[in-house]
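S.K.: Following this line is final-v2.csv, made up of CSV, C-alpha atoms:
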```csv
chain,number,residue,atom,x,y,z
A,1,MET,CA,-13.9,-0.8,-15.6
A,2,GLN,CA,-15.9,2.1,-14.4
A,3,SER,CA,-17.3,4.5,-17.0
A,4,SER,CA,-16.0,7.8,-15.5
A,5,PRO,CA,-14.0,9.2,-12.6
A,6,LEU,CA,-17.2,10.0,-10.8
A,7,GLU,CA,-18.4,6.4,-11.1
A,8,LEU,CA,-15.0,5.1,-9.9
A,9,ALA,CA,-15.2,7.4,-6.9
A,10,ARG,CA,-18.7,6.1,-6.1
A,11,LYS,CA,-17.5,2.5,-6.3
A,12,LEU,CA,-14.6,3.2,-4.1
A,13,ASP,CA,-16.9,5.0,-1.6
A,14,GLU,CA,-19.0,1.9,-1.5
A,15,GLU,CA,-15.9,-0.1,-0.6
A,16,GLY,CA,-15.2,2.3,2.3
A,17,TYR,CA,-12.5,4.5,0.6
A,18,LEU,CA,-13.2,8.2,0.2
A,19,ILE,CA,-11.2,9.6,-2.7
A,20,ASP,CA,-11.0,13.2,-3.8
A,21,PRO,CA,-12.0,14.2,-7.4
A,22,VAL,CA,-8.4,14.9,-8.6
A,23,THR,CA,-7.1,11.5,-7.4
A,24,ALA,CA,-10.1,9.7,-8.8
A,25,THR,CA,-9.5,11.3,-12.3
A,26,THR,CA,-5.8,10.3,-12.3
A,27,LEU,CA,-6.6,6.7,-11.2
A,28,PHE,CA,-9.4,6.5,-13.8
A,29,LEU,CA,-6.9,7.5,-16.5
A,30,SER,CA,-4.5,4.9,-15.3
A,31,LEU,CA,-7.1,2.2,-15.8
A,32,ALA,CA,-8.4,3.6,-19.1
A,33,LEU,CA,-4.9,3.8,-20.6
A,34,ASP,CA,-3.9,0.5,-19.2
A,35,LYS,CA,-0.9,2.0,-17.4
A,36,PRO,CA,0.6,1.0,-14.1
A,37,CYS,CA,-0.2,3.5,-11.3
A,38,LEU,CA,2.6,4.6,-8.9
A,39,ILE,CA,1.1,5.9,-5.7
A,40,GLU,CA,3.5,7.9,-3.6
A,41,GLY,CA,3.3,9.7,-0.3
A,42,PRO,CA,4.2,9.4,3.4
A,43,ALA,CA,3.4,6.3,5.4
A,44,GLY,CA,-0.2,6.1,6.6
A,45,VAL,CA,-2.0,8.2,4.0
A,46,GLY,CA,-4.0,5.3,2.5
A,47,LYS,CA,-1.9,4.2,-0.5
A,48,THR,CA,-2.3,0.5,0.2
A,49,GLN,CA,-5.9,0.9,1.2
A,50,LEU,CA,-6.7,2.6,-2.1
A,51,ALA,CA,-5.2,-0.5,-4.0
A,52,LEU,CA,-7.2,-2.9,-1.8
A,53,ALA,CA,-10.5,-0.9,-2.3
A,54,LEU,CA,-9.8,-0.7,-6.1
A,55,ALA,CA,-9.4,-4.5,-6.3
A,56,ARG,CA,-12.8,-4.9,-4.6
A,57,ALA,CA,-14.4,-2.2,-6.7
A,58,GLU,CA,-13.1,-3.8,-9.9
A,59,LYS,CA,-14.0,-7.3,-8.6
A,60,ARG,CA,-10.4,-8.6,-9.2
A,61,ARG,CA,-8.4,-11.0,-7.1
A,62,LEU,CA,-5.7,-9.2,-5.2
A,63,ILE,CA,-2.1,-10.5,-5.6
A,64,ARG,CA,0.2,-8.6,-3.3
A,65,LEU,CA,4.0,-8.4,-3.3
A,66,GLN,CA,5.4,-6.8,-0.1
A,67,CYS,CA,8.8,-5.4,-0.9
A,68,TYR,CA,11.8,-5.3,1.4
A,69,GLU,CA,15.5,-4.9,1.3
A,70,GLY,CA,17.2,-7.8,-0.4
A,71,LEU,CA,14.1,-9.0,-2.2
A,72,ASP,CA,15.1,-11.2,-5.2
A,73,LEU,CA,13.5,-13.0,-8.1
A,74,SER,CA,13.2,-16.3,-6.2
A,75,LYS,CA,10.8,-14.6,-3.8
A,76,ALA,CA,9.1,-12.2,-6.2
A,77,LEU,CA,8.9,-14.0,-9.6
A,78,TYR,CA,9.7,-17.7,-9.6
A,79,ASP,CA,11.8,-20.5,-8.2
A,80,TRP,CA,12.3,-24.1,-9.2
A,81,ASN,CA,10.8,-27.0,-7.2
A,82,TYR,CA,14.1,-28.7,-6.5
A,83,ALA,CA,12.6,-31.6,-4.5
A,84,LYS,CA,10.3,-32.4,-7.4
A,85,GLN,CA,13.2,-32.1,-9.9
A,86,LEU,CA,15.3,-34.5,-7.8
A,87,LEU,CA,12.5,-37.0,-7.7
A,88,ARG,CA,12.2,-36.7,-11.5
A,89,LEU,CA,15.9,-37.5,-11.8
A,90,GLN,CA,15.7,-40.5,-9.6
A,91,LEU,CA,12.8,-41.9,-11.6
A,92,ALA,CA,14.7,-41.3,-14.9
A,93,LYS,CA,17.9,-43.2,-14.1
A,94,THR,CA,17.5,-45.3,-17.3
A,95,GLU,CA,17.0,-42.2,-19.6
A,96,GLU,CA,19.6,-40.2,-21.3
A,97,TRP,CA,20.4,-36.7,-19.9
A,98,ASP,CA,19.6,-35.1,-23.2
A,99,GLU,CA,16.1,-36.5,-23.0
A,100,ILE,CA,15.3,-35.1,-19.6
A,101,LYS,CA,17.3,-31.9,-19.2
A,102,PHE,CA,14.6,-29.8,-20.9
A,103,ASP,CA,11.8,-31.5,-19.0
A,104,LEU,CA,13.4,-30.6,-15.7
A,105,PHE,CA,13.0,-26.9,-16.5
A,106,SER,CA,9.4,-26.9,-17.7
A,107,GLU,CA,6.3,-25.2,-16.1
A,108,GLU,CA,5.6,-28.5,-14.3
A,109,PHE,CA,8.5,-27.8,-12.0
A,110,LEU,CA,8.0,-24.1,-11.7
A,111,LEU,CA,7.0,-22.4,-8.4
A,112,SER,CA,5.1,-19.2,-9.1
A,113,ARG,CA,5.7,-16.2,-6.9
A,114,PRO,CA,3.4,-13.1,-6.9
A,115,LEU,CA,4.7,-11.5,-10.1
A,116,LEU,CA,4.5,-14.7,-12.2
A,117,GLU,CA,1.2,-15.7,-10.5
A,118,ALA,CA,-0.3,-12.4,-11.8
A,119,ILE,CA,1.0,-13.0,-15.3
A,120,LEU,CA,-0.2,-16.6,-15.5
A,121,SER,CA,-3.6,-16.0,-13.9
A,122,PHE,CA,-6.6,-16.7,-16.2
A,123,GLU,CA,-8.9,-14.6,-14.0
A,124,PRO,CA,-8.6,-10.8,-13.8
A,125,VAL,CA,-6.3,-9.7,-11.0
A,126,LEU,CA,-4.9,-6.6,-9.4
A,127,LEU,CA,-1.1,-6.8,-8.7
A,128,LEU,CA,-0.1,-4.7,-5.8
A,129,ILE,CA,3.7,-4.1,-5.5
A,130,ASP,CA,3.7,-2.6,-2.1
A,131,GLU,CA,6.5,-0.2,-0.7
A,132,LEU,CA,8.7,-0.6,-3.8
A,133,ASP,CA,11.1,2.0,-2.4
A,134,LYS,CA,12.2,-0.6,0.2
A,135,SER,CA,13.7,-2.9,-2.6
A,136,ASP,CA,16.9,-2.2,-4.4
A,137,GLU,CA,17.6,-0.6,-7.8
A,138,GLU,CA,18.3,-4.0,-9.4
A,139,PHE,CA,14.8,-5.3,-8.6
A,140,GLU,CA,13.4,-2.0,-9.8
A,141,SER,CA,15.2,-2.5,-13.2
A,142,PHE,CA,13.8,-6.0,-13.5
A,143,LEU,CA,10.2,-4.6,-13.2
A,144,LEU,CA,10.5,-2.5,-16.3
A,145,GLU,CA,9.6,-5.3,-18.7
A,146,LEU,CA,6.6,-6.3,-16.6
A,147,LEU,CA,5.4,-2.7,-16.3
A,148,ALA,CA,5.7,-1.9,-20.0
A,149,GLU,CA,4.7,-5.2,-21.7
A,150,ARG,CA,2.9,-7.1,-19.0
A,151,GLN,CA,5.4,-9.9,-19.5
A,152,VAL,CA,8.4,-11.5,-17.8
A,153,SER,CA,11.4,-13.4,-19.0
A,154,ILE,CA,12.6,-16.6,-17.5
A,155,PRO,CA,16.0,-17.8,-18.9
A,156,GLU,CA,15.0,-21.5,-19.0
A,157,LEU,CA,11.5,-20.9,-20.5
A,158,GLY,CA,11.8,-17.6,-22.4
A,159,THR,CA,9.2,-14.8,-22.4
A,160,ILE,CA,5.9,-15.3,-20.7
A,161,SER,CA,3.1,-12.9,-21.5
A,162,SER,CA,0.1,-12.2,-19.3
A,163,LYS,CA,-3.1,-14.2,-19.9
A,164,THR,CA,-5.3,-11.4,-18.8
A,165,LYS,CA,-3.7,-8.0,-18.3
A,166,PRO,CA,-3.5,-7.3,-14.6
A,167,ILE,CA,-4.1,-3.9,-13.1
A,168,VAL,CA,-0.7,-3.0,-11.6
A,169,ILE,CA,-0.5,-0.6,-8.6
A,170,LEU,CA,2.9,0.3,-7.0
A,171,THR,CA,3.2,2.2,-3.7
A,172,SER,CA,6.2,4.1,-2.3
A,173,ASN,CA,6.8,5.9,1.0
A,174,ASN,CA,9.5,8.0,-0.8
A,175,SER,CA,12.4,6.6,1.2
A,176,ARG,CA,14.3,6.7,-2.1
A,177,ASP,CA,13.7,8.0,-5.6
A,178,PHE,CA,13.0,5.9,-8.7
A,179,SER,CA,14.7,5.9,-12.1
A,180,ASP,CA,13.3,7.9,-15.0
A,181,ALA,CA,12.7,4.6,-16.8
A,182,LEU,CA,10.3,3.4,-14.1
A,183,ARG,CA,8.5,6.7,-13.8
A,184,ARG,CA,8.0,6.9,-17.5
A,185,ARG,CA,6.1,3.7,-17.5
A,186,CYS,CA,3.6,4.8,-14.8
A,187,ILE,CA,0.9,7.3,-14.1
A,188,HIS,CA,1.6,9.0,-10.8
A,189,ILE,CA,-0.6,9.8,-7.8
A,190,TYR,CA,0.8,11.6,-4.8
A,191,LEU,CA,-1.3,11.2,-1.6
A,192,THR,CA,-0.8,13.4,1.4
A,193,TYR,CA,-2.7,13.7,4.7
A,194,PRO,CA,-6.3,14.6,4.1
A,195,SER,CA,-7.7,18.1,4.7
A,196,LEU,CA,-9.6,18.6,8.0
A,197,ASP,CA,-13.0,18.3,6.3
A,198,ARG,CA,-12.0,15.1,4.4
A,199,GLU,CA,-10.6,13.5,7.5
A,200,ILE,CA,-13.8,14.3,9.4
A,201,SER,CA,-15.7,12.6,6.6
A,202,ILE,CA,-13.4,9.6,6.7
A,203,LEU,CA,-13.7,9.3,10.5
A,204,ARG,CA,-17.5,9.5,10.3
A,205,ALA,CA,-17.6,6.8,7.7
A,206,HIS,CA,-15.4,4.4,9.6
A,207,ALA,CA,-16.6,5.1,13.1
A,208,PRO,CA,-20.3,6.3,12.9
A,209,GLU,CA,-20.8,5.5,16.6
A,210,LEU,CA,-18.7,8.5,17.6
A,211,ALA,CA,-20.3,11.8,18.6
A,212,ASP,CA,-19.8,14.6,16.0
A,213,SER,CA,-18.2,16.8,18.6
A,214,LEU,CA,-15.6,14.2,19.4
A,215,VAL,CA,-14.9,13.5,15.7
A,216,ARG,CA,-14.3,17.2,15.0
A,217,ASP,CA,-12.1,17.7,18.1
A,218,VAL,CA,-10.0,14.7,17.3
A,219,CYS,CA,-9.4,15.7,13.7
A,220,GLU,CA,-8.5,19.2,14.7
A,221,PHE,CA,-6.2,17.9,17.3
A,222,VAL,CA,-4.4,15.5,14.9
A,223,ALA,CA,-4.1,18.3,12.3
A,224,LYS,CA,-2.2,20.3,15.0
A,225,VAL,CA,0.0,17.3,15.9
A,226,ARG,CA,1.0,16.8,12.3
A,227,LYS,CA,2.5,20.3,12.2
A,228,LEU,CA,5.0,19.2,14.9
A,229,PRO,CA,8.5,18.0,14.0
A,230,LEU,CA,7.9,14.4,14.9
A,231,GLN,CA,9.7,11.2,13.7
A,232,LYS,CA,6.4,9.7,12.5
A,233,LEU,CA,3.3,11.7,12.0
A,234,PRO,CA,0.0,10.0,12.9
A,235,SER,CA,-1.7,8.3,10.0
A,236,VAL,CA,-5.4,8.3,9.2
A,237,SER,CA,-5.9,4.8,10.7
A,238,GLU,CA,-4.3,6.1,13.9
A,239,THR,CA,-6.7,9.0,13.9
A,240,ILE,CA,-9.6,6.5,13.8
A,241,ASP,CA,-8.0,4.4,16.6
A,242,TYR,CA,-7.4,7.4,18.7
A,243,ALA,CA,-11.0,8.6,18.4
A,244,ARG,CA,-12.2,5.2,19.4
A,245,ALA,CA,-9.8,5.1,22.3
A,246,LEU,CA,-11.3,8.4,23.7
A,247,LYS,CA,-14.7,7.0,23.2
A,248,ALA,CA,-13.7,3.9,25.2
A,249,LEU,CA,-12.8,6.4,28.0
A,250,GLN,CA,-16.3,7.7,27.7
A,251,LEU,CA,-15.2,11.1,26.5
A,252,GLU,CA,-17.6,13.0,24.2
A,253,GLU,CA,-15.1,15.8,23.5
A,254,LEU,CA,-11.4,16.3,23.6
A,255,ASN,CA,-9.8,17.9,26.6
A,256,TYR,CA,-6.1,18.5,26.8
A,257,ALA,CA,-6.0,17.7,30.5
A,258,ASN,CA,-7.4,14.2,29.9
A,259,LEU,CA,-5.0,13.0,27.2
A,260,LEU,CA,-2.0,11.9,29.2
A,261,GLY,CA,-1.8,8.1,28.9
A,262,THR,CA,-3.7,8.1,25.6
A,263,LEU,CA,-0.9,9.4,23.3
A,264,SER,CA,0.7,6.0,22.5
A,265,VAL,CA,-2.4,5.1,20.5
A,266,LEU,CA,-1.7,8.1,18.2
A,267,LEU,CA,2.2,8.2,18.2
A,268,LYS,CA,4.6,5.3,18.1
A,269,TYR,CA,7.9,6.7,19.2
A,270,PRO,CA,8.7,7.6,22.9
A,271,LYS,CA,10.5,10.8,21.8
A,272,ASP,CA,7.4,11.9,19.8
A,273,ILE,CA,5.1,11.2,22.8
A,274,ALA,CA,7.4,13.2,25.2
A,275,LYS,CA,7.5,16.1,22.7
A,276,LEU,CA,3.7,16.1,22.4
A,277,GLU,CA,3.2,15.8,26.2
A,278,GLU,CA,5.3,18.9,26.5
A,279,ARG,CA,3.3,20.7,23.8
A,280,LEU,CA,0.0,19.7,25.5
A,281,LYS,CA,0.9,21.7,28.6
A,282,LYS,CA,1.3,24.8,26.4
A,283,TRP,CA,-1.9,24.1,24.5
A,284,GLU,CA,-3.8,23.5,27.7
A,285,THR,CA,-2.6,26.8,29.1
A,286,GLU,CA,-3.6,28.6,25.9
A,287,SER,CA,-7.0,27.0,25.9
A,288,ARG,CA,-7.6,27.9,29.5
A,289,GLN,CA,-6.6,31.5,28.9
A,290,SER,CA,-8.9,31.7,25.8
A,291,LYS,CA,-11.9,30.5,27.8
A,292,ASP,CA,-11.1,33.0,30.6
A,293,ASN,CA,-11.0,35.9,28.0
A,294,GLN,CA,-14.4,34.9,26.6
```
Would it be possible to restate this file's structure as structure tokens?

M.R.:
Amino acid sequence: MQSSPLELARKLDEEGYLIDPVTATTLFLSLALDKPCLIEGPAGVGKTQLALALARAEKRRLIRLQCYEGLDLSKALYDWNYAKQLLRLQLAKTEEWDEIKFDLFSEEFLLSRPLLEAILSFEPVLLLIDELDKSDEEFESFLLELLAERQVSIPELGTISSKTKPIVILTSNNSRDFSDALRRRCIHIYLTYPSLDREISILRAHAPELADSLVRDVCEFVAKVRKLPLQKLPSVSETIDYARALKALQLEELNYANLLGTLSVLLKYPKDIAKLEERLKKWETESRQSKDNQ
């Protein structure tokens, strides 16, 4: 573990993730206190990327559980190898049931899913439970034991404690709220879209080939777009893609008149694109009038 928030921020920077001092301090405290970290915020602000960069910075193997509606324990925690159990039964026809029934439900016949894999790992791991808000409340309740004690309970085997305590990161896009019990077990980080200066720094770090004028123009443009009532606001990764798209068109600066046909790189819904195209006409007129008055 890093010795200070500043050192943690430096390590994350080396892994390509620029983190602000407040978030770095909160994340450092989560690691120092050995508490799960719940990272919340709108889609596309870098929650998952922060977890991935942290795994690299801490030199831990990443184990990722992608949550979805209907996720159950057979996909998240464990399942039994039924084919292997059946083979065991066939080979044990001469044995009494009492002699083999416990053997059938031993670790030899266990299929580890991401949560159990993290608990059983002998090497340090980072467990990423991604987009937890997409799962249901029943699965959330199951996680409480793992978050508090770093252990899980399997009816046939009992309680299994972690070999090496994993770093646990949970992410949420805030599509639903969580219980007080889950929040009480975590330290919280709320990420939002970066400030203009920070997004410029991020874009320069990820796309150093771009001209400074284009970088600033794109970041200022995206900041204006995020103020519109859109179904999905552009993420940081889409800002980077959009700047590279304009570079591919051999543009060194952003001009509203040249943006038609490029907006699908930035926005993902037809209604959002149509709304922005309409707004571009207004912005282009305002820009032309501003230049005429200078």

S.K.: Could you pull out every residue with an atom within 7 Å of (13.7, -1.5, 2.1), file coordinates, counting only C-alpha atoms, and send them as an MDAnalysis selection string?

M.R.: chainID A and resid 67:69 133:135

S.K.: Figure out the distance between CA of Lys59 (chain A) and CA of Leu128 (chain A), please, to one decimal in Å.

M.R.: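 Taking CA of Leu128 (chain A) as the start and CA of Lys59 (chain A) as the end point, the length is 14.4 Å.
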
S.K.: Pick from A:Leu249, A:Leu18, A:Leu266, A:Leu31: nearest to Ala205 (chain A), with only C-alpha atoms counted?

M.R.: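 The answer is A:Leu18, which sits nearest to Ala205 (chain A).
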
S.K.: Have a look at CA of Val215 (chain A) and CA of Leu254 (chain A) and let me know their distance in Å, one decimal.

M.R.: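 Value for the CA of Val215 (chain A)-CA of Leu254 (chain A) distance: 9.1 Å.
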
S.K.: Any idea what the distance is between CA of Ala32 (chain A) and CA of Met1 (chain A)?

M.R.: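 Separation between CA of Ala32 (chain A) and CA of Met1 (chain A): 7.9 Å.
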
S.K.: Which of these, A:Glu123, A:Glu108, A:Asp34, A:Glu284, has the shortest distance to Val168 (chain A) once you count only C-alpha atoms?

M.R.: A:Asp34

S.K.: Give the answer as one residue: which of A:Lys84, A:Lys165, A:Arg61, A:Arg288 has the shortest atom-to-atom distance to Ile119 (chain A), using only C-alpha atoms?

M.R.: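 Under the stated criterion, the closest residue is A:Lys165.
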
S.K.: Which residues, written as an MDAnalysis selection string, have at least one atom at most 12 Å from Lys268 (chain A), with only C-alpha atoms counted and residues fewer than 5 positions away on the same chain left out?

M.R.: chainID A and resid 230:235 238 262:263 273:274 276

S.K.: Using all atoms listed in the file, pick whichever of A:Leu132, A:Ala24, A:Cys219, A:Ala248 has the shortest atom-to-atom distance to Leu38 (chain A).

M.R.: A:Leu132

S.K.: Pick out the closest residue to Arg204 (chain A) from this set: A:Ile240, A:Arg185, A:Asp180, A:Leu8. Count only C-alpha atoms.

M.R.: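 That would be A:Ile240, the residue with the smallest distance to Arg204 (chain A).
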
S.K.: Tell me which of A:Leu50, A:Leu115, A:Ala181, A:Val225 sits closest to Trp283 (chain A), counting all atoms listed in the file.

M.R.: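 Among the listed residues, A:Val225 lies closest to Trp283 (chain A).
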
S.K.: Extract, using only C-alpha atoms, all DNA, RNA and protein residues at most 9 Å from Leu116 (chain A), discarding same-chain residues fewer than 2 positions from it, and format them as a list in words.

M.R.: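 That gives Ala76, Leu77, Tyr78, Leu111, Ser112, Arg113, Pro114, Ala118, Ile119, Leu120, Ser121, Gln151, Val152, Ile160 and Ser162 of chain A.
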
S.K.: Would you list the contacts of region 207-214 of chain A as a list in words, taking every protein, DNA or RNA residue within 9 Å and counting only C-alpha atoms, but skipping same-chain residues closer than 2 positions in sequence?

M.R.: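 Residues near the query, excluding close chain neighbours: Ile200, Ile202, Leu203, Arg204, Ala205, Arg216, Asp217, Val218, Cys219, Ile240, Ala243, Arg244, Leu246, Lys247, Leu251, Glu252, Glu253 and Leu254 of chain A.
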
S.K.: Now that the selection is made, can you save its residues with C-alpha atoms as a PDB file, in the coordinates of the input?

M.R.:
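That gives us again37.pdb:
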```pdb
ATOM      1  CA  ILE A 200     -13.800  14.300   9.400  1.00  0.00           C
ATOM      2  CA  ILE A 202     -13.400   9.600   6.700  1.00  0.00           C
ATOM      3  CA  LEU A 203     -13.700   9.300  10.500  1.00  0.00           C
ATOM      4  CA  ARG A 204     -17.500   9.500  10.300  1.00  0.00           C
ATOM      5  CA  ALA A 205     -17.600   6.800   7.700  1.00  0.00           C
ATOM      6  CA  ARG A 216     -14.300  17.200  15.000  1.00  0.00           C
ATOM      7  CA  ASP A 217     -12.100  17.700  18.100  1.00  0.00           C
ATOM      8  CA  VAL A 218     -10.000  14.700  17.300  1.00  0.00           C
ATOM      9  CA  CYS A 219      -9.400  15.700  13.700  1.00  0.00           C
ATOM     10  CA  ILE A 240      -9.600   6.500  13.800  1.00  0.00           C
ATOM     11  CA  ALA A 243     -11.000   8.600  18.400  1.00  0.00           C
ATOM     12  CA  ARG A 244     -12.200   5.200  19.400  1.00  0.00           C
ATOM     13  CA  LEU A 246     -11.300   8.400  23.700  1.00  0.00           C
ATOM     14  CA  LYS A 247     -14.700   7.000  23.200  1.00  0.00           C
ATOM     15  CA  LEU A 251     -15.200  11.100  26.500  1.00  0.00           C
ATOM     16  CA  GLU A 252     -17.600  13.000  24.200  1.00  0.00           C
ATOM     17  CA  GLU A 253     -15.100  15.800  23.500  1.00  0.00           C
ATOM     18  CA  LEU A 254     -11.400  16.300  23.600  1.00  0.00           C
TER      19      LEU A 254
END
```
